[in-house]
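Here is the structure we will look at.
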Amino acid sequence: MLPYGRQSIDGSDVEAVVAALGSDWLTTGPRVADFEADLEQVAGAPCVTVTNGTTALHAAYAAAGVTIGDEVVTTPMTFVATASSAAMLGAKVVFADVEQDTANLDPAAAEAAVTSRTRVVAAVDYAGVPADYDRLRKVSESAGALLLGDAAHSIGSTWRGRPVGTLADLTTFSFFPTKNLTTGEGGAVASTRPELVERLRTFRTVGVTRDPAKLRRTDEGGWFYEVHEFGLNYRLPDVLAALGSAQLRRLGRFKARRAYLSARYDELLAGVPGLRLPAQRAEADPMRHLYPVRILDGRRREVYDRLRAAGIGVQINYIPVYWHPVFEDLGYRRGMCPVAESFYAEQLSLPLFADLSDTDQDRVVETLRGVLGS
């Protein structure tokens, strides 16, 4: 089975991990700080590493102060964690519809959804194309809310020349194996606001504070620490941070290869009946995480099944979040975001990853063309 996404591991990654295993630090050591510094060079803002993309979202919402009674406005066209991590802090999740072309959060829909209780407006950079953060910034500021960017798909992308880590108050990343770079499991949160970075660092370390200036009792001894707010152990181990730094050194090559493969799909699939190709945005220089086509005429299920049967691991990204029973049981109903639901009914992700060969891509194209033409 040809997967829709896959990690790219080479000798430099293996050497970095082996070196970490032979060091004095397996977790919470110097390689974590090195990886965070390396990430900052790409994200454009200070980064705090965590254990995965879901815990990155949880930590970001916690740093934003999300709690019971707050509302978080977000898109349904995402993995469930974008919404569930806010709900677990007690927030009411308000889903706003997406743009027809990009499937990103529609700023007009977000504007209609915000209220005086909105704490965070959370966008998702679907398939690697950044959301329109300039318009979303105006929406969040009008509501007195923070702006969050779920950039699980888009590390390495830019919007109007600015890296994704600088576009929102908080930006989350995922380093799952199918993402643009991997640490096996891992994630990070970037922020240009020092007070949020500090809250993130404390939250991901179980809320522990050792800063003498903040301790309520300063005469207990060098071993002493305090917990002023609850946090969790979301620390990324040094071994995984070492892999992340090695991967980052090849991020430019990953981006170039993904761009090449995406352009090749554009060329080879142009004009195929019953197929709509991904939209382009002039303002964006995306790291193409997904290649999401739309299968028209109600044939998506048939095409999915036949491609899978032919050994091509296509995927669907994503089921509208409020369709999941956990949200249905909270009173959410289908039909809330018709553009997102229409997109879901047609969406199909073709294989796209840095090590995808031209030959395998040709196989995907020929099989897809054959199915649609039959």
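FYI, nothing fancy with the structure tokens labels: chains A, B, ... in order, residues from 1 per chain, ligands from 1 as they appear.
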I want to know what sits within 10 Å of A:Glu229, based on only C-alpha atoms, with residues of the same chain fewer than 4 positions away left out; could you give that as a ChimeraX atom specification? /A:199,202-203,206-209
Return as JSON lines the residues of stretch 30-142 of chain A lying at most 7 Å from stretch 172-191 of chain A, together with the closest atom-to-atom pair for each and the distance in Å to one decimal, counting only C-alpha atoms, with rows in chain order and ascending residue number.
```
{"residue": "A:Ala45", "atom": "CA", "partner": "A:Ser191", "partner_atom": "CA", "distance": 5.7}
{"residue": "A:Pro46", "atom": "CA", "partner": "A:Ala190", "partner_atom": "CA", "distance": 5.5}
{"residue": "A:Cys47", "atom": "CA", "partner": "A:Ala190", "partner_atom": "CA", "distance": 4.2}
{"residue": "A:Val48", "atom": "CA", "partner": "A:Val189", "partner_atom": "CA", "distance": 5.3}
{"residue": "A:Thr49", "atom": "CA", "partner": "A:Ala188", "partner_atom": "CA", "distance": 4.1}
{"residue": "A:Val50", "atom": "CA", "partner": "A:Gly187", "partner_atom": "CA", "distance": 5.1}
{"residue": "A:Thr51", "atom": "CA", "partner": "A:Gly186", "partner_atom": "CA", "distance": 4.4}
{"residue": "A:Asn52", "atom": "CA", "partner": "A:Gly186", "partner_atom": "CA", "distance": 3.7}
{"residue": "A:Gly53", "atom": "CA", "partner": "A:Ser174", "partner_atom": "CA", "distance": 4.1}
{"residue": "A:Ala56", "atom": "CA", "partner": "A:Ala188", "partner_atom": "CA", "distance": 5.6}
{"residue": "A:Leu57", "atom": "CA", "partner": "A:Thr172", "partner_atom": "CA", "distance": 6.2}
{"residue": "A:Ala60", "atom": "CA", "partner": "A:Val189", "partner_atom": "CA", "distance": 6.7}
```
Limited to N, CA, C and O atoms, could you put the picked residues into a file as a PDB file, in the first residue's frame?
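Contents of part_38.pdb, as written:
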```pdb
ATOM      1  N   ALA A  45       9.421  33.098  15.803  1.00  0.00           N
ATOM      2  CA  ALA A  45       9.052  33.496  17.162  1.00  0.00           C
ATOM      3  C   ALA A  45       9.548  32.434  18.131  1.00  0.00           C
ATOM      4  O   ALA A  45       9.746  31.279  17.748  1.00  0.00           O
ATOM      5  N   PRO A  46       9.746  32.786  19.411  1.00  0.00           N
ATOM      6  CA  PRO A  46      10.154  31.795  20.406  1.00  0.00           C
ATOM      7  C   PRO A  46       9.193  30.619  20.459  1.00  0.00           C
ATOM      8  O   PRO A  46       7.975  30.787  20.345  1.00  0.00           O
ATOM      9  N   CYS A  47       9.747  29.414  20.641  1.00  0.00           N
ATOM     10  CA  CYS A  47       8.962  28.184  20.625  1.00  0.00           C
ATOM     11  C   CYS A  47       9.156  27.389  21.912  1.00  0.00           C
ATOM     12  O   CYS A  47      10.260  27.344  22.460  1.00  0.00           O
ATOM     13  N   VAL A  48       8.089  26.762  22.352  1.00  0.00           N
ATOM     14  CA  VAL A  48       8.108  25.869  23.510  1.00  0.00           C
ATOM     15  C   VAL A  48       7.691  24.487  23.020  1.00  0.00           C
ATOM     16  O   VAL A  48       6.584  24.311  22.497  1.00  0.00           O
ATOM     17  N   THR A  49       8.575  23.504  23.150  1.00  0.00           N
ATOM     18  CA  THR A  49       8.258  22.162  22.670  1.00  0.00           C
ATOM     19  C   THR A  49       7.389  21.412  23.664  1.00  0.00           C
ATOM     20  O   THR A  49       7.473  21.621  24.878  1.00  0.00           O
ATOM     21  N   VAL A  50       6.556  20.507  23.124  1.00  0.00           N
ATOM     22  CA  VAL A  50       5.693  19.659  23.934  1.00  0.00           C
ATOM     23  C   VAL A  50       5.643  18.273  23.294  1.00  0.00           C
ATOM     24  O   VAL A  50       6.323  18.019  22.298  1.00  0.00           O
ATOM     25  N   THR A  51       4.828  17.396  23.842  1.00  0.00           N
ATOM     26  CA  THR A  51       4.891  15.985  23.481  1.00  0.00           C
ATOM     27  C   THR A  51       4.204  15.636  22.163  1.00  0.00           C
ATOM     28  O   THR A  51       4.511  14.609  21.570  1.00  0.00           O
ATOM     29  N   ASN A  52       3.260  16.445  21.696  1.00  0.00           N
ATOM     30  CA  ASN A  52       2.612  16.191  20.405  1.00  0.00           C
ATOM     31  C   ASN A  52       1.763  17.392  20.009  1.00  0.00           C
ATOM     32  O   ASN A  52       1.668  18.384  20.754  1.00  0.00           O
ATOM     33  N   GLY A  53       1.119  17.303  18.845  1.00  0.00           N
ATOM     34  CA  GLY A  53       0.324  18.418  18.362  1.00  0.00           C
ATOM     35  C   GLY A  53      -0.915  18.677  19.188  1.00  0.00           C
ATOM     36  O   GLY A  53      -1.358  19.828  19.325  1.00  0.00           O
ATOM     37  N   ALA A  56       0.116  20.459  22.280  1.00  0.00           N
ATOM     38  CA  ALA A  56       0.447  21.839  21.899  1.00  0.00           C
ATOM     39  C   ALA A  56      -0.800  22.710  21.939  1.00  0.00           C
ATOM     40  O   ALA A  56      -0.786  23.835  22.452  1.00  0.00           O
ATOM     41  N   LEU A  57      -1.903  22.191  21.394  1.00  0.00           N
ATOM     42  CA  LEU A  57      -3.162  22.934  21.430  1.00  0.00           C
ATOM     43  C   LEU A  57      -3.663  23.108  22.864  1.00  0.00           C
ATOM     44  O   LEU A  57      -4.093  24.199  23.257  1.00  0.00           O
ATOM     45  N   ALA A  60      -1.579  25.681  24.545  1.00  0.00           N
ATOM     46  CA  ALA A  60      -1.845  27.020  24.013  1.00  0.00           C
ATOM     47  C   ALA A  60      -3.141  27.585  24.580  1.00  0.00           C
ATOM     48  O   ALA A  60      -3.198  28.754  24.987  1.00  0.00           O
TER      49      ALA A  60
END
```
Nearest residue to A:Ala284 from the set A:Met336, A:Met77, A:Leu261, A:Ala131 (distances using only C-alpha atoms): A:Ala131
Could you state the separation of atom CA of A:Gly11 and atom CA of A:Leu243 in Å, given to one decimal place?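 Between atom CA of A:Gly11 and atom CA of A:Leu243 the gap works out to 10.9 Å.
Interatomic distance, atom CA of A:Val121 to atom CA of A:Gln41: 25.5 Å.
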Just list as a ChimeraX atom specification whatever in stretch 131-371 of chain A DSSP marks as helix (DSSP H, G or I). /A:133-142,164-166,194-203,238-248,251-269,300-309,321-323,325-328,338-346,358-371
Set out as a Markdown table a contact list for stretch 70-186 of chain A and stretch 306-327 of chain A with a cut-off of 6 Å, giving each residue of stretch 70-186 of chain A that qualifies its closest atom pair and distance in Å to one decimal, counting only C-alpha atoms, ordered by chain and rising residue number.
```
| residue | atom | partner | partner_atom | distance |
| --- | --- | --- | --- | --- |
| A:Pro76 | CA | A:Val321 | CA | 4.9 |
| A:Met77 | CA | A:Pro320 | CA | 5.4 |
| A:Thr78 | CA | A:Tyr318 | CA | 5.7 |
| A:Val80 | CA | A:Val321 | CA | 5.5 |
```
To one decimal place, how far is atom CA of A:Leu196 from atom CA of A:His58 in Å?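 These two atoms are separated by 13.4 Å.
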A:His289, A:Lys138, A:Arg210, A:Arg294 ranked by distance to A:Val272, top pick (using only C-alpha atoms):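 Nearest to A:Val272: A:Arg294.
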Do a neighbour search on stretch 17-30 of chain A at 12 Å with only C-alpha atoms, toss out local chain neighbours closer than 2 positions, and write the hits as a ChimeraX atom specification. /A:9-15,32-37,49-51,183-184,201,204-205,233-247
Please save C-alpha atoms of the selected residues as an mmCIF file, in the first residue's frame.
```cif
data_model
loop_
_atom_site.group_PDB
_atom_site.id
_atom_site.type_symbol
_atom_site.label_atom_id
_atom_site.label_comp_id
_atom_site.auth_asym_id
_atom_site.auth_seq_id
_atom_site.Cartn_x
_atom_site.Cartn_y
_atom_site.Cartn_z
ATOM 1 C CA ILE A 9 14.536 9.441 7.742
ATOM 2 C CA ASP A 10 18.194 9.433 6.667
ATOM 3 C CA GLY A 11 21.580 8.745 8.224
ATOM 4 C CA SER A 12 21.878 12.199 9.785
ATOM 5 C CA ASP A 13 18.658 11.596 11.729
ATOM 6 C CA VAL A 14 19.912 8.240 12.985
ATOM 7 C CA GLU A 15 23.265 9.736 14.020
ATOM 8 C CA VAL A 32 15.477 20.488 23.852
ATOM 9 C CA ALA A 33 16.799 24.045 24.107
ATOM 10 C CA ASP A 34 18.717 23.557 20.845
ATOM 11 C CA PHE A 35 15.613 22.306 19.047
ATOM 12 C CA GLU A 36 13.552 25.224 20.337
ATOM 13 C CA ALA A 37 16.189 27.642 19.071
ATOM 14 C CA THR A 49 8.258 22.162 22.670
ATOM 15 C CA VAL A 50 5.693 19.659 23.934
ATOM 16 C CA THR A 51 4.891 15.985 23.481
ATOM 17 C CA THR A 183 10.166 13.830 15.926
ATOM 18 C CA GLY A 184 8.154 10.583 16.020
ATOM 19 C CA ARG A 201 6.902 26.793 29.715
ATOM 20 C CA ARG A 204 4.270 22.004 30.112
ATOM 21 C CA THR A 205 6.395 21.400 33.233
ATOM 22 C CA ASN A 233 4.048 16.934 32.074
ATOM 23 C CA TYR A 234 4.190 17.728 28.365
ATOM 24 C CA ARG A 235 7.989 17.809 28.099
ATOM 25 C CA LEU A 236 9.571 16.580 24.869
ATOM 26 C CA PRO A 237 12.504 14.178 25.466
ATOM 27 C CA ASP A 238 16.013 15.090 24.295
ATOM 28 C CA VAL A 239 16.113 12.034 22.039
ATOM 29 C CA LEU A 240 13.132 13.299 20.042
ATOM 30 C CA ALA A 241 14.409 16.878 20.080
ATOM 31 C CA ALA A 242 17.664 15.649 18.539
ATOM 32 C CA LEU A 243 15.689 14.053 15.713
ATOM 33 C CA GLY A 244 13.752 17.295 15.260
ATOM 34 C CA SER A 245 16.876 19.429 14.881
ATOM 35 C CA ALA A 246 18.268 16.997 12.304
ATOM 36 C CA GLN A 247 14.990 17.097 10.394
#
```
Step one, run DSSP on the backbone; step two, keep only residues of stretch 81-251 of chain A assigned to strand (DSSP E); then write them as number ranges by chain. A: 92-95, 118-124, 146-150, 158-159, 162-163, 170-174, 187-190, 208-209, 226-227
Output the selection as an mmCIF file, in the first residue's frame - N, CA and C atoms for each residue.
```
data_model
loop_
_atom_site.group_PDB
_atom_site.id
_atom_site.type_symbol
_atom_site.label_atom_id
_atom_site.label_comp_id
_atom_site.auth_asym_id
_atom_site.auth_seq_id
_atom_site.Cartn_x
_atom_site.Cartn_y
_atom_site.Cartn_z
ATOM 1 N N LYS A 92 -16.906 26.530 25.588
ATOM 2 C CA LYS A 92 -17.886 26.185 24.574
ATOM 3 C C LYS A 92 -17.248 26.406 23.207
ATOM 4 N N VAL A 93 -17.256 25.378 22.374
ATOM 5 C CA VAL A 93 -16.681 25.492 21.033
ATOM 6 C C VAL A 93 -17.757 25.975 20.074
ATOM 7 N N VAL A 94 -17.460 27.052 19.358
ATOM 8 C CA VAL A 94 -18.381 27.623 18.378
ATOM 9 C C VAL A 94 -17.765 27.411 16.991
ATOM 10 N N PHE A 95 -18.438 26.637 16.166
ATOM 11 C CA PHE A 95 -17.901 26.333 14.838
ATOM 12 C C PHE A 95 -18.372 27.374 13.825
ATOM 13 N N THR A 118 -16.072 35.327 23.757
ATOM 14 C CA THR A 118 -15.038 34.673 22.960
ATOM 15 C C THR A 118 -13.664 34.949 23.560
ATOM 16 N N ARG A 119 -12.957 33.896 23.904
ATOM 17 C CA ARG A 119 -11.601 34.017 24.458
ATOM 18 C C ARG A 119 -10.542 33.838 23.373
ATOM 19 N N VAL A 120 -10.809 32.922 22.418
ATOM 20 C CA VAL A 120 -9.829 32.605 21.372
ATOM 21 C C VAL A 120 -10.563 32.399 20.049
ATOM 22 N N VAL A 121 -9.981 32.917 18.979
ATOM 23 C CA VAL A 121 -10.362 32.562 17.615
ATOM 24 C C VAL A 121 -9.242 31.676 17.084
ATOM 25 N N ALA A 122 -9.576 30.434 16.725
ATOM 26 C CA ALA A 122 -8.563 29.439 16.358
ATOM 27 C C ALA A 122 -8.726 29.037 14.890
ATOM 28 N N ALA A 123 -7.754 29.409 14.071
ATOM 29 C CA ALA A 123 -7.741 29.042 12.656
ATOM 30 C C ALA A 123 -6.871 27.807 12.453
ATOM 31 N N VAL A 124 -7.038 27.166 11.296
ATOM 32 C CA VAL A 124 -6.227 26.013 10.911
ATOM 33 C C VAL A 124 -5.690 26.253 9.509
ATOM 34 N N LEU A 146 -7.842 36.379 21.863
ATOM 35 C CA LEU A 146 -6.558 36.015 21.299
ATOM 36 C C LEU A 146 -6.761 35.256 19.992
ATOM 37 N N LEU A 147 -5.776 35.336 19.118
ATOM 38 C CA LEU A 147 -5.801 34.623 17.842
ATOM 39 C C LEU A 147 -4.828 33.455 17.917
ATOM 40 N N LEU A 148 -5.318 32.265 17.589
ATOM 41 C CA LEU A 148 -4.489 31.053 17.599
ATOM 42 C C LEU A 148 -4.435 30.489 16.185
ATOM 43 N N GLY A 149 -3.243 30.080 15.773
ATOM 44 C CA GLY A 149 -3.069 29.411 14.500
ATOM 45 C C GLY A 149 -2.661 27.962 14.720
ATOM 46 N N ASP A 150 -3.509 27.030 14.277
ATOM 47 C CA ASP A 150 -3.147 25.614 14.293
ATOM 48 C C ASP A 150 -2.362 25.361 13.008
ATOM 49 N N THR A 158 4.723 30.547 4.531
ATOM 50 C CA THR A 158 4.692 31.980 4.828
ATOM 51 C C THR A 158 3.413 32.576 4.260
ATOM 52 N N TRP A 159 2.997 33.694 4.842
ATOM 53 C CA TRP A 159 1.834 34.456 4.386
ATOM 54 C C TRP A 159 2.275 35.898 4.204
ATOM 55 N N ARG A 162 5.658 36.524 5.645
ATOM 56 C CA ARG A 162 5.874 36.334 7.089
ATOM 57 C C ARG A 162 5.711 34.862 7.460
ATOM 58 N N PRO A 163 6.628 34.320 8.261
ATOM 59 C CA PRO A 163 6.503 32.911 8.666
ATOM 60 C C PRO A 163 5.295 32.692 9.563
ATOM 61 N N LEU A 170 -0.683 32.873 19.290
ATOM 62 C CA LEU A 170 -0.192 31.541 19.620
ATOM 63 C C LEU A 170 -0.286 30.685 18.362
ATOM 64 N N THR A 171 0.773 29.929 18.079
ATOM 65 C CA THR A 171 0.797 29.081 16.892
ATOM 66 C C THR A 171 1.274 27.697 17.298
ATOM 67 N N THR A 172 0.499 26.679 16.949
ATOM 68 C CA THR A 172 0.845 25.317 17.359
ATOM 69 C C THR A 172 1.350 24.512 16.169
ATOM 70 N N PHE A 173 2.292 23.603 16.448
ATOM 71 C CA PHE A 173 2.885 22.732 15.434
ATOM 72 C C PHE A 173 2.770 21.276 15.869
ATOM 73 N N SER A 174 2.763 20.391 14.881
ATOM 74 C CA SER A 174 2.769 18.947 15.122
ATOM 75 C C SER A 174 3.926 18.330 14.367
ATOM 76 N N GLY A 187 5.465 18.156 19.377
ATOM 77 C CA GLY A 187 4.795 19.374 18.958
ATOM 78 C C GLY A 187 5.472 20.567 19.567
ATOM 79 N N ALA A 188 4.953 21.754 19.260
ATOM 80 C CA ALA A 188 5.510 22.984 19.810
ATOM 81 C C ALA A 188 4.466 24.074 19.712
ATOM 82 N N VAL A 189 4.662 25.110 20.520
ATOM 83 C CA VAL A 189 3.842 26.311 20.455
ATOM 84 C C VAL A 189 4.772 27.504 20.319
ATOM 85 N N ALA A 190 4.491 28.359 19.350
ATOM 86 C CA ALA A 190 5.246 29.588 19.147
ATOM 87 C C ALA A 190 4.403 30.770 19.585
ATOM 88 N N VAL A 208 5.431 23.870 37.581
ATOM 89 C CA VAL A 208 6.524 24.115 38.527
ATOM 90 C C VAL A 208 7.183 25.471 38.267
ATOM 91 N N THR A 209 7.360 26.239 39.325
ATOM 92 C CA THR A 209 8.051 27.529 39.278
ATOM 93 C C THR A 209 9.237 27.502 40.236
ATOM 94 N N GLU A 226 7.641 25.871 43.698
ATOM 95 C CA GLU A 226 6.216 26.009 43.989
ATOM 96 C C GLU A 226 5.397 25.785 42.716
ATOM 97 N N VAL A 227 4.133 25.422 42.919
ATOM 98 C CA VAL A 227 3.167 25.307 41.828
ATOM 99 C C VAL A 227 2.048 26.306 42.104
#
```
Between A:Ala62, A:Leu105, A:Ala112, A:Cys337, single out the one closest to A:Leu136, counting only C-alpha atoms.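 Looking only at the distances to A:Leu136, the closest residue turns out to be A:Leu105.
You can rank A:Gln361, A:Asn104, A:Thr54, A:Ser154 by their closest distance to A:Lys255 using only C-alpha atoms, and at the top of that list sits A:Ser154.
For A:Glu267, the list of residues within 12 Å, based on only C-alpha atoms and with local chain neighbours fewer than 5 positions off taken out, reads A:Tyr260, A:Leu261, A:Ser262, A:Val272, A:Leu277, A:Asp362, A:Val365.
In this comparison, which uses only C-alpha atoms, the residue of A:Arg264, A:Arg250, A:Arg258, A:Arg137 approaching A:Pro107 most closely is A:Arg137.
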